[in-house]
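Structure first, commentary second.
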Amino acid sequence: MLEIRNLHARIEEDGREILKGIDLSVKAGEVHAIMGPNGSGKSTLASVLAGRPGYEITEGSVTYQDRDLLGLAADERAREGIFLAFQYPVEIPGVNNMYFLRAALNAVRKQRGDKDLDAGQFLKAVRAKLKLLDIGEDLLQRAVNVGFSGGEKKRNEIFQMAMLEPKLAILDETDSGLDIDALRVVSNGVNRLRSPERAIVMITHYQRLLDYIEPDHVHVLSGGKIVLSGDKNLATELEKHGYAMLGDAA
Amino acid sequence: MSGATAETLDAVQSASGDSYKYGFFTDIEAETAPPGLNEDTIRFISAKKEEPQWLLDWRLEAYRVWLKMAEPHWAKLKVAPIDYQGATYYSAPKQDKDRPKSLDEIDPELLKTYEKLGIPLREREALAGIAVDAVFDSVSVATTFKGKLGEMGIIFCSFGEAVREHPELVRKYLGTVVPQGDNFFAALNSAVFSDGSFVYVPEGVRCPMELSTYFRINAANTGQFERTLLIADKGAYVSYLEGCTAPQRDENQLHAAVVELVALEGAQIKYSTVQNWYPGDAEGRGGIYNFVTKRGICKGDNSKISWTQVETGSAITWKYPSCILEGDNSVGEFYSVAITNNLQQADTGTKMIHIGKNTRSTIISKGISAGRGQNTYRGLVRMLPKAKNSRNFTQCDSLLVGDKCGAHTVPYVEIRNPSARAEHEATTSKVSDDQMFYCQQRGLSKEDALALIVNGFCKEVLKELPMEFAVEAQKLLAVSLEGSVG
Ligand SMILES: Nc1ncnc2c1ncn2[C@@H]1O[C@H](COP(=O)(O)OP(=O)(O)OP(=O)(O)O)[C@@H](O)[C@H]1O
Ligand SMILES: [Mg+2]
């Protein structure tokens with residue numbers, strides 16, 4: 001589904017290279033976890049995959065569903081089924097969360113050749129997912145992410161994901177800032193989305209998340225490169241020894 | 001759950017081909033006054049309209065005042081010189097001497113124009129609760145629902161008809177809020193106004209439907225000088241909607257309207273405008289020059305006047321809907337959204353003049369600048385010595401799209417008594433890249449994302465609009481921002 005080859009990216013503004021040759025292959029049905037020290041480039045990788053402006057790809061390629069991903073604009077990627085759960089979800093004052101979601105859903109559905117949901121169908125779908133993620137309806141009537149607690153923001157991201165049903169979901173530290181119960185609820189939401197047609201890439205700092213969402217592969221990103229890959233046991237190792245163990249690996 | 005957002009998005013999509021969908025021109029033989037302005041022009045207009053002598057005298061008086069006045073240049077606007085002698089001051093669609101009694105009698109060409117504009121004139125509009133006094137090129141041609149309103153004693157008709165049928169009311173109130181010599185453009189309007197709307201709501205009557213007027217400028221090189229007079233008698237309530245569209249054209253067109261509102265004791269007037277006249281093309285060619293004087297007086301105690309405007313069109317907007325709060329405990333409100341894109345310029349705001357005790361005013365202004373647009377909020381809050389315990393709250397927010405546009409805030413506050421308070425808050429923000437990316441990451445195109453963010457920014461004002469207008473306004477915002485994101 002996703003093939004990243006020797007990907008180099010730098011920040012347009014100051015020319016600093018952040019990604020220094022990433023190779024990663026994600027197949028449909030798989031769950032990959034990406035771990036790594038602060039500032040190693042995890043969010044940058046997520047941003048580059050989602051098409052955030054401000055980064056320049058200097059080398060390498062990314063193929064998504066046999067297409068050149070890097071040639072697509074951010075919104076096209078989203079409509080092709082790439083979803084990014086933001087590490088820091090953005091506030092949009094005055095825009096009702098439900099309006100926003102409906103606009104997004106209809107944009108994505110249009111691309112898939114599906115008709116717009118009418119208000120009734122939409123509401124039904126919303127209610128089902130709300131329950132799944134244990135979100136109160138009042139959150140939908142508020143402006144997008146405005147005044148949401150950290151945990152509410154993260155839940156809202158996963159709620160959007162559940163509604164949009166992406167093919168490739170990239171979760172950037174969705175577990176950070178969640179209390180224990182919330183972590184279980186959110187993980188449950190993610191697990192529900194697991195299917196042979198979908199792939200999930202989760203960025204996390206904590207092995208704990210992987211107890212709930214069991215990954216097929218775990219990678220360690222450090223200094224803009226993937227320096228270690230393994231199965232879920234790698235996460236346990238890391239938890240035990242810290243990133244000091246990368247000393248030999250890198 | 002409202003489909004308003006979906007509407008916004010649809011509007012952006014449908015507008016992508018032709019960004020000014022009302023830019024067509026209807027060929028209707030116009031009966032026009034010869035170009036130029038002198039006392040004979042005014043006599044011609046007055047005679048055409050079979051006006052009484054007092055009104056002709058009133059016009060001539062205004063004209064003589066106007067001659068002594070100079071065009072104002074204090075606004076932050078760059079205006080090409082206006083050739084007042086080159087303009088035409090009267091034009092009417094050709095039709096029978098007798099006024100049409102039903103829609104069937106109206107020029108089909110005209111009806112088609114209304115249809116393209118989406119002006120509701122037929123039965124379905126009755127369901128929507130709208131009565132329409134449609135103004136086409138300065139002359140009212142259709143007024144609906146008059147019967148129903150008439151039963152309640154409400155007068156809603158063209159200004160010309162009001163002069164004929166209710167001269168005592170017109171004479172009593174005309175020029176009492178905006179005197180002939182108030183300002184250069186008001187004086188010009190007073191001299192040459194062609195037609196407009198008149199509303200009178202009698203004591204204790206709550207007008208059961210939104211009254212609306214649609215304006216349209218059509219015949220070439222014709223100045224448009226509307227005159228609206230609205231009176232709410234004691235304890236009356238009325239909500240009035242005004243919307244404007246104009247066909248695309250190259251030469252600049254002058255528009256100088258005057259609107260006067262009078263609220264007597266305990267009366268409430270809500271006046272909403274969506275303005276989308278032709279803004280000119282991307283290079284700034286063409287477009288309407290909009291110099292409007294709108295003012296309301298809360299004459300009686302406990303009265304209220306509320307202005308809501310969404311200004312998306314015109315090359316130049318010079319407009320300050322104001323409230324004179326004369327009655328004790330009276331309330332004035334001004335809610336405004338003004339968008340300037342490409343080379344559009346807007347200098348708009350309000351004046352709140354607090355005269356009575358315990359008077360309150362609220363000003364919420366949202367200015368959006370895109371392209372190379374310039375947007376100025378200019379507001380005056382004046383608390384006079386007798387305005388004890390009066391309060392004003394002003395909030396001015398500016399939103400910048402891109403870095404070639406400008407936003408300016410010019411608040412004047414004069415407080416002449418120690419118990420009065422005025423609060424002012426102002427913010428300037430940019431549409432952030434993060435917000436754009438977040439929306440796009442959820443599948444929205446750049447245009448849709450911007451429309452959504454801008455609509456969110458304007459929400460406090462849009463929610464003041466009557467429902468059917470709110471949807472139209474959202475569409476207009478989206479259309480107006482076309483081409484402002486790369
Ligand atoms: N748009 C940007 N402008 C400037 N610097 C950036 C930008 N994006 C990323 N960086 C820098 O690139 C480096 C990698 O950042 P990134 O956010 O990818 O790290 P991360 O691995 O996600 O870290 P964390 O675990 O703290 O979230 C950091 O030094 C960061 O400051
Ligand atoms: Mg990060």
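Just remember, in the structure tokens the first chain shown is A, the second B, etc., residues are 1-based per chain, and ligands are 1-based in the order shown.
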
Could you list the residues in chain B lying within 6 Å of chain A, using only C-alpha atoms, and format the result as a PDB file with all heavy atoms, in the first residue's frame?
ATOM      1  N   THR B   5     -22.971  24.619   5.847  1.00  0.00           N
ATOM      2  CA  THR B   5     -21.601  24.438   5.414  1.00  0.00           C
ATOM      3  C   THR B   5     -21.552  23.811   4.036  1.00  0.00           C
ATOM      4  O   THR B   5     -20.808  24.241   3.165  1.00  0.00           O
ATOM      5  CB  THR B   5     -20.840  23.556   6.412  1.00  0.00           C
ATOM      6  OG1 THR B   5     -20.909  24.200   7.661  1.00  0.00           O
ATOM      7  CG2 THR B   5     -19.401  23.381   5.996  1.00  0.00           C
ATOM      8  N   GLN B 440      -7.541  20.776   4.852  1.00  0.00           N
ATOM      9  CA  GLN B 440      -7.205  20.035   3.633  1.00  0.00           C
ATOM     10  C   GLN B 440      -6.922  18.571   3.949  1.00  0.00           C
ATOM     11  O   GLN B 440      -7.266  17.682   3.183  1.00  0.00           O
ATOM     12  CB  GLN B 440      -6.004  20.665   2.940  1.00  0.00           C
ATOM     13  CG  GLN B 440      -6.347  21.967   2.246  1.00  0.00           C
ATOM     14  CD  GLN B 440      -5.129  22.555   1.573  1.00  0.00           C
ATOM     15  OE1 GLN B 440      -4.444  23.393   2.143  1.00  0.00           O
ATOM     16  NE2 GLN B 440      -4.835  22.091   0.379  1.00  0.00           N
ATOM     17  N   GLN B 441      -6.299  18.324   5.094  1.00  0.00           N
ATOM     18  CA  GLN B 441      -6.009  16.948   5.468  1.00  0.00           C
ATOM     19  C   GLN B 441      -7.301  16.167   5.696  1.00  0.00           C
ATOM     20  O   GLN B 441      -7.329  14.951   5.630  1.00  0.00           O
ATOM     21  CB  GLN B 441      -5.134  16.913   6.727  1.00  0.00           C
ATOM     22  CG  GLN B 441      -4.184  15.709   6.789  1.00  0.00           C
ATOM     23  CD  GLN B 441      -4.882  14.364   6.657  1.00  0.00           C
ATOM     24  OE1 GLN B 441      -5.761  14.022   7.453  1.00  0.00           O
ATOM     25  NE2 GLN B 441      -4.490  13.575   5.652  1.00  0.00           N
ATOM     26  N   ARG B 442      -8.385  16.874   5.917  1.00  0.00           N
ATOM     27  CA  ARG B 442      -9.665  16.181   6.076  1.00  0.00           C
ATOM     28  C   ARG B 442     -10.419  16.102   4.753  1.00  0.00           C
ATOM     29  O   ARG B 442     -11.577  15.713   4.720  1.00  0.00           O
ATOM     30  CB  ARG B 442     -10.520  16.878   7.145  1.00  0.00           C
ATOM     31  CG  ARG B 442      -9.901  16.832   8.547  1.00  0.00           C
ATOM     32  CD  ARG B 442      -9.751  15.399   9.064  1.00  0.00           C
ATOM     33  NE  ARG B 442      -9.171  15.365  10.411  1.00  0.00           N
ATOM     34  CZ  ARG B 442      -7.923  15.010  10.679  1.00  0.00           C
ATOM     35  NH1 ARG B 442      -7.103  14.667   9.707  1.00  0.00           N
ATOM     36  NH2 ARG B 442      -7.480  14.990  11.926  1.00  0.00           N
ATOM     37  N   GLY B 443      -9.768  16.560   3.677  1.00  0.00           N
ATOM     38  CA  GLY B 443     -10.371  16.364   2.353  1.00  0.00           C
ATOM     39  C   GLY B 443     -10.918  17.618   1.697  1.00  0.00           C
ATOM     40  O   GLY B 443     -11.375  17.570   0.556  1.00  0.00           O
ATOM     41  N   LEU B 444     -10.904  18.743   2.399  1.00  0.00           N
ATOM     42  CA  LEU B 444     -11.456  19.956   1.804  1.00  0.00           C
ATOM     43  C   LEU B 444     -10.441  20.621   0.874  1.00  0.00           C
ATOM     44  O   LEU B 444      -9.260  20.702   1.194  1.00  0.00           O
ATOM     45  CB  LEU B 444     -11.839  20.957   2.900  1.00  0.00           C
ATOM     46  CG  LEU B 444     -12.809  20.439   3.964  1.00  0.00           C
ATOM     47  CD1 LEU B 444     -13.140  21.550   4.953  1.00  0.00           C
ATOM     48  CD2 LEU B 444     -14.078  19.923   3.324  1.00  0.00           C
ATOM     49  N   SER B 445     -10.919  21.118  -0.251  1.00  0.00           N
ATOM     50  CA  SER B 445     -10.031  21.835  -1.159  1.00  0.00           C
ATOM     51  C   SER B 445      -9.605  23.141  -0.499  1.00  0.00           C
ATOM     52  O   SER B 445     -10.205  23.580   0.481  1.00  0.00           O
ATOM     53  CB  SER B 445     -10.763  22.147  -2.460  1.00  0.00           C
ATOM     54  OG  SER B 445     -11.780  23.094  -2.213  1.00  0.00           O
ATOM     55  N   GLY B 456     -16.391  30.769   9.735  1.00  0.00           N
ATOM     56  CA  GLY B 456     -16.254  30.622  11.187  1.00  0.00           C
ATOM     57  C   GLY B 456     -15.897  31.951  11.837  1.00  0.00           C
ATOM     58  O   GLY B 456     -16.464  32.339  12.857  1.00  0.00           O
ATOM     59  N   PHE B 457     -15.008  32.660  11.191  1.00  0.00           N
ATOM     60  CA  PHE B 457     -14.571  33.974  11.688  1.00  0.00           C
ATOM     61  C   PHE B 457     -15.756  34.949  11.772  1.00  0.00           C
ATOM     62  O   PHE B 457     -15.820  35.802  12.665  1.00  0.00           O
ATOM     63  CB  PHE B 457     -13.491  34.496  10.730  1.00  0.00           C
ATOM     64  CG  PHE B 457     -13.051  35.913  10.987  1.00  0.00           C
ATOM     65  CD1 PHE B 457     -12.221  36.220  12.055  1.00  0.00           C
ATOM     66  CD2 PHE B 457     -13.451  36.928  10.138  1.00  0.00           C
ATOM     67  CE1 PHE B 457     -11.810  37.518  12.277  1.00  0.00           C
ATOM     68  CE2 PHE B 457     -13.043  38.235  10.344  1.00  0.00           C
ATOM     69  CZ  PHE B 457     -12.215  38.534  11.425  1.00  0.00           C
ATOM     70  N   LYS B 459     -18.926  34.168  12.163  1.00  0.00           N
ATOM     71  CA  LYS B 459     -20.117  33.531  12.712  1.00  0.00           C
ATOM     72  C   LYS B 459     -20.980  34.450  13.575  1.00  0.00           C
ATOM     73  O   LYS B 459     -22.206  34.470  13.445  1.00  0.00           O
ATOM     74  CB  LYS B 459     -19.691  32.318  13.529  1.00  0.00           C
ATOM     75  CG  LYS B 459     -20.853  31.475  13.928  1.00  0.00           C
ATOM     76  CD  LYS B 459     -20.378  30.280  14.695  1.00  0.00           C
ATOM     77  CE  LYS B 459     -21.561  29.422  15.073  1.00  0.00           C
ATOM     78  NZ  LYS B 459     -21.106  28.269  15.846  1.00  0.00           N
TER      79      LYS B 459
END

Within 8 Å of ligand 2, which residues show up when you count only C-alpha atoms and all ligand atoms? List them as a compact mmCIF listing (two decimals) with N, CA and C atoms, in the first residue's frame, please.
# COMPACT_ATOMS: atom_id res chain seq x y z
N ASN A 38 12.63 12.36 20.90
CA ASN A 38 12.07 13.66 20.53
C ASN A 38 12.94 14.30 19.46
N GLY A 39 12.29 14.90 18.50
CA GLY A 39 13.03 15.63 17.47
C GLY A 39 13.71 14.76 16.43
N GLY A 41 12.24 13.24 13.97
CA GLY A 41 11.66 13.39 12.64
C GLY A 41 10.37 12.61 12.41
N LYS A 42 9.79 12.07 13.48
CA LYS A 42 8.58 11.26 13.35
C LYS A 42 7.41 12.08 12.79
N SER A 43 7.17 13.24 13.42
CA SER A 43 6.06 14.07 12.95
C SER A 43 6.36 14.62 11.56
N THR A 44 7.62 14.88 11.31
CA THR A 44 7.99 15.37 9.98
C THR A 44 7.64 14.32 8.92
N GLN A 87 -0.72 15.35 16.02
CA GLN A 87 -0.14 15.40 17.36
C GLN A 87 -0.73 16.61 18.10
N ASP A 172 -0.35 10.31 15.00
CA ASP A 172 0.85 10.92 15.58
C ASP A 172 0.63 11.18 17.07
N GLU A 173 1.19 10.32 17.87
CA GLU A 173 1.10 10.43 19.34
C GLU A 173 -0.32 10.61 19.83
N ILE A 203 2.55 6.60 15.56
CA ILE A 203 3.75 7.14 16.17
C ILE A 203 3.48 7.21 17.66

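If you look at atom CA of A:Leu171 and atom CA of A:Leu139, they are 20.9 Å away from each other.
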
- Query: Of the candidates A:Val220, A:Val201, A:Leu183, A:Ile213, which shows the shortest atom-to-atom distance to ligand 1, using only C-alpha atoms and all ligand atoms?
  - Reply: A:Val220

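Checking B:Asp434, B:Ser361, B:Thr394, B:Glu50 one by one against ligand 1, counting only C-alpha atoms and all ligand atoms, you find the shortest gap at B:Asp434.
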
- Message: Please return, as a PyMOL selection string, all residues of stretch 47-167 of chain A that DSSP assigns to alpha helix (DSSP H) on the basis of the backbone.
- Response: chain A and resi 47-50+74-79+97-112+119-133+150-164

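Shortest atom-to-atom contact with ligand 1 among A:Leu117, A:His205, A:Arg155, A:Asn145: A:His205, counting only C-alpha atoms and all ligand atoms.
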
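Going from atom CA of A:Met202 over to atom 15 (O, counted along the ligand's line) of ligand 1, you cover 15.8 Å.
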
- Query: Which residues, written as a VMD selection string, have at least one atom at most 7 Å from stretch 186-197 of chain B, with only C-alpha atoms counted and residues fewer than 3 positions away on the same chain left out?
  - Reply: chain B and resid 42 59 to 60 62 to 63 65 to 66 89 to 90 135 138 to 139 157 to 160 180 to 183 225 to 229 256 to 258 293

Since we have the selection now, will you write its residues out, keeping C-alpha atoms, as an mmCIF file, in the first residue's frame?
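Wrote selection_18.cif, looks like this:
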data_model
loop_
_atom_site.group_PDB
_atom_site.id
_atom_site.type_symbol
_atom_site.label_atom_id
_atom_site.label_comp_id
_atom_site.auth_asym_id
_atom_site.auth_seq_id
_atom_site.Cartn_x
_atom_site.Cartn_y
_atom_site.Cartn_z
ATOM 1 C CA ILE B 42 -34.299 67.502 -11.034
ATOM 2 C CA ARG B 59 -35.091 68.271 -3.931
ATOM 3 C CA LEU B 60 -34.060 71.654 -5.275
ATOM 4 C CA ALA B 62 -30.898 69.698 -1.487
ATOM 5 C CA TYR B 63 -29.358 70.356 -4.883
ATOM 6 C CA VAL B 65 -26.795 72.644 -0.752
ATOM 7 C CA TRP B 66 -24.955 69.981 -2.691
ATOM 8 C CA TYR B 89 -29.831 60.524 -13.125
ATOM 9 C CA TYR B 90 -33.028 58.858 -14.174
ATOM 10 C CA VAL B 135 -36.520 47.671 -7.449
ATOM 11 C CA SER B 138 -34.802 52.905 -9.917
ATOM 12 C CA VAL B 139 -38.464 52.121 -10.413
ATOM 13 C CA CYS B 157 -44.590 50.156 -0.965
ATOM 14 C CA SER B 158 -42.296 52.011 -3.285
ATOM 15 C CA PHE B 159 -41.182 55.408 -2.186
ATOM 16 C CA GLY B 160 -42.995 56.949 -5.133
ATOM 17 C CA GLN B 180 -30.548 67.019 2.947
ATOM 18 C CA GLY B 181 -27.197 68.607 3.704
ATOM 19 C CA ASP B 182 -25.904 65.806 5.935
ATOM 20 C CA ASN B 183 -23.064 64.948 3.637
ATOM 21 C CA PHE B 225 -30.014 56.769 -5.969
ATOM 22 C CA GLU B 226 -32.310 54.798 -3.754
ATOM 23 C CA ARG B 227 -34.228 56.346 -0.932
ATOM 24 C CA THR B 228 -35.621 54.204 1.831
ATOM 25 C CA LEU B 229 -37.698 55.387 4.743
ATOM 26 C CA ALA B 256 -25.452 56.851 -3.390
ATOM 27 C CA ALA B 257 -28.370 55.546 -1.397
ATOM 28 C CA VAL B 258 -29.958 56.947 1.714
ATOM 29 C CA THR B 293 -25.761 56.949 4.113
#

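Interatomic distance, atom CA of B:Arg43 against atom CA of B:Gln253: 22.9 Å.
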
- Message: Taking the DSSP secondary structure from the backbone, can you list the residues of stretch 68-148 of chain A that are strand (DSSP E), as an MDAnalysis selection string?
- Response: chainID A and resid 68 82:85 92:96 143:144

- Task: Tell me, as number ranges by chain, which residues lie within 6 Å of B:Ser303, counting only C-alpha atoms; anything in the same chain fewer than 5 positions away does not count.
- Result: B: 265-268, 298, 330

Resulting file, chosen residues, C-alpha atoms, as a CSV table (one decimal), in the first residue's frame:
chain,number,residue,atom,x,y,z
B,265,GLU,CA,-41.2,54.3,21.8
B,266,GLY,CA,-40.6,50.6,22.4
B,267,ALA,CA,-40.3,49.9,18.7
B,268,GLN,CA,-37.7,47.5,17.2
B,298,CYS,CA,-34.2,55.5,18.4
B,330,SER,CA,-32.6,52.6,23.8

- Among listed residues A:Met163, A:Val218, A:Ile180, A:Leu72, nearest A:Leu193 (using only C-alpha atoms): A:Met163

- Task: Please provide as number ranges by chain all residues within 7 Å of B:Ile353, with the sequence filter that same-chain residues fewer than 6 positions apart are discarded (counting only C-alpha atoms).
- Result: B: 323-325, 381-383

- Query: Contacts of A:Tyr206 at 12 Å or less, counting only C-alpha atoms, minus same-chain residues fewer than 4 places along, as a list in words?
  - Reply: Ala33, Ile34, Met35, Gly36, Pro37, Glu173, Thr174, Asp175, Ser176, Gly177, Leu178, Leu183, Met202, Leu210, Asp211, Tyr212, Ile213, Val218, Lys232, Leu234, Ala235, Thr236, Glu237, Leu238, Glu239, Lys240 and Gly242 of chain A
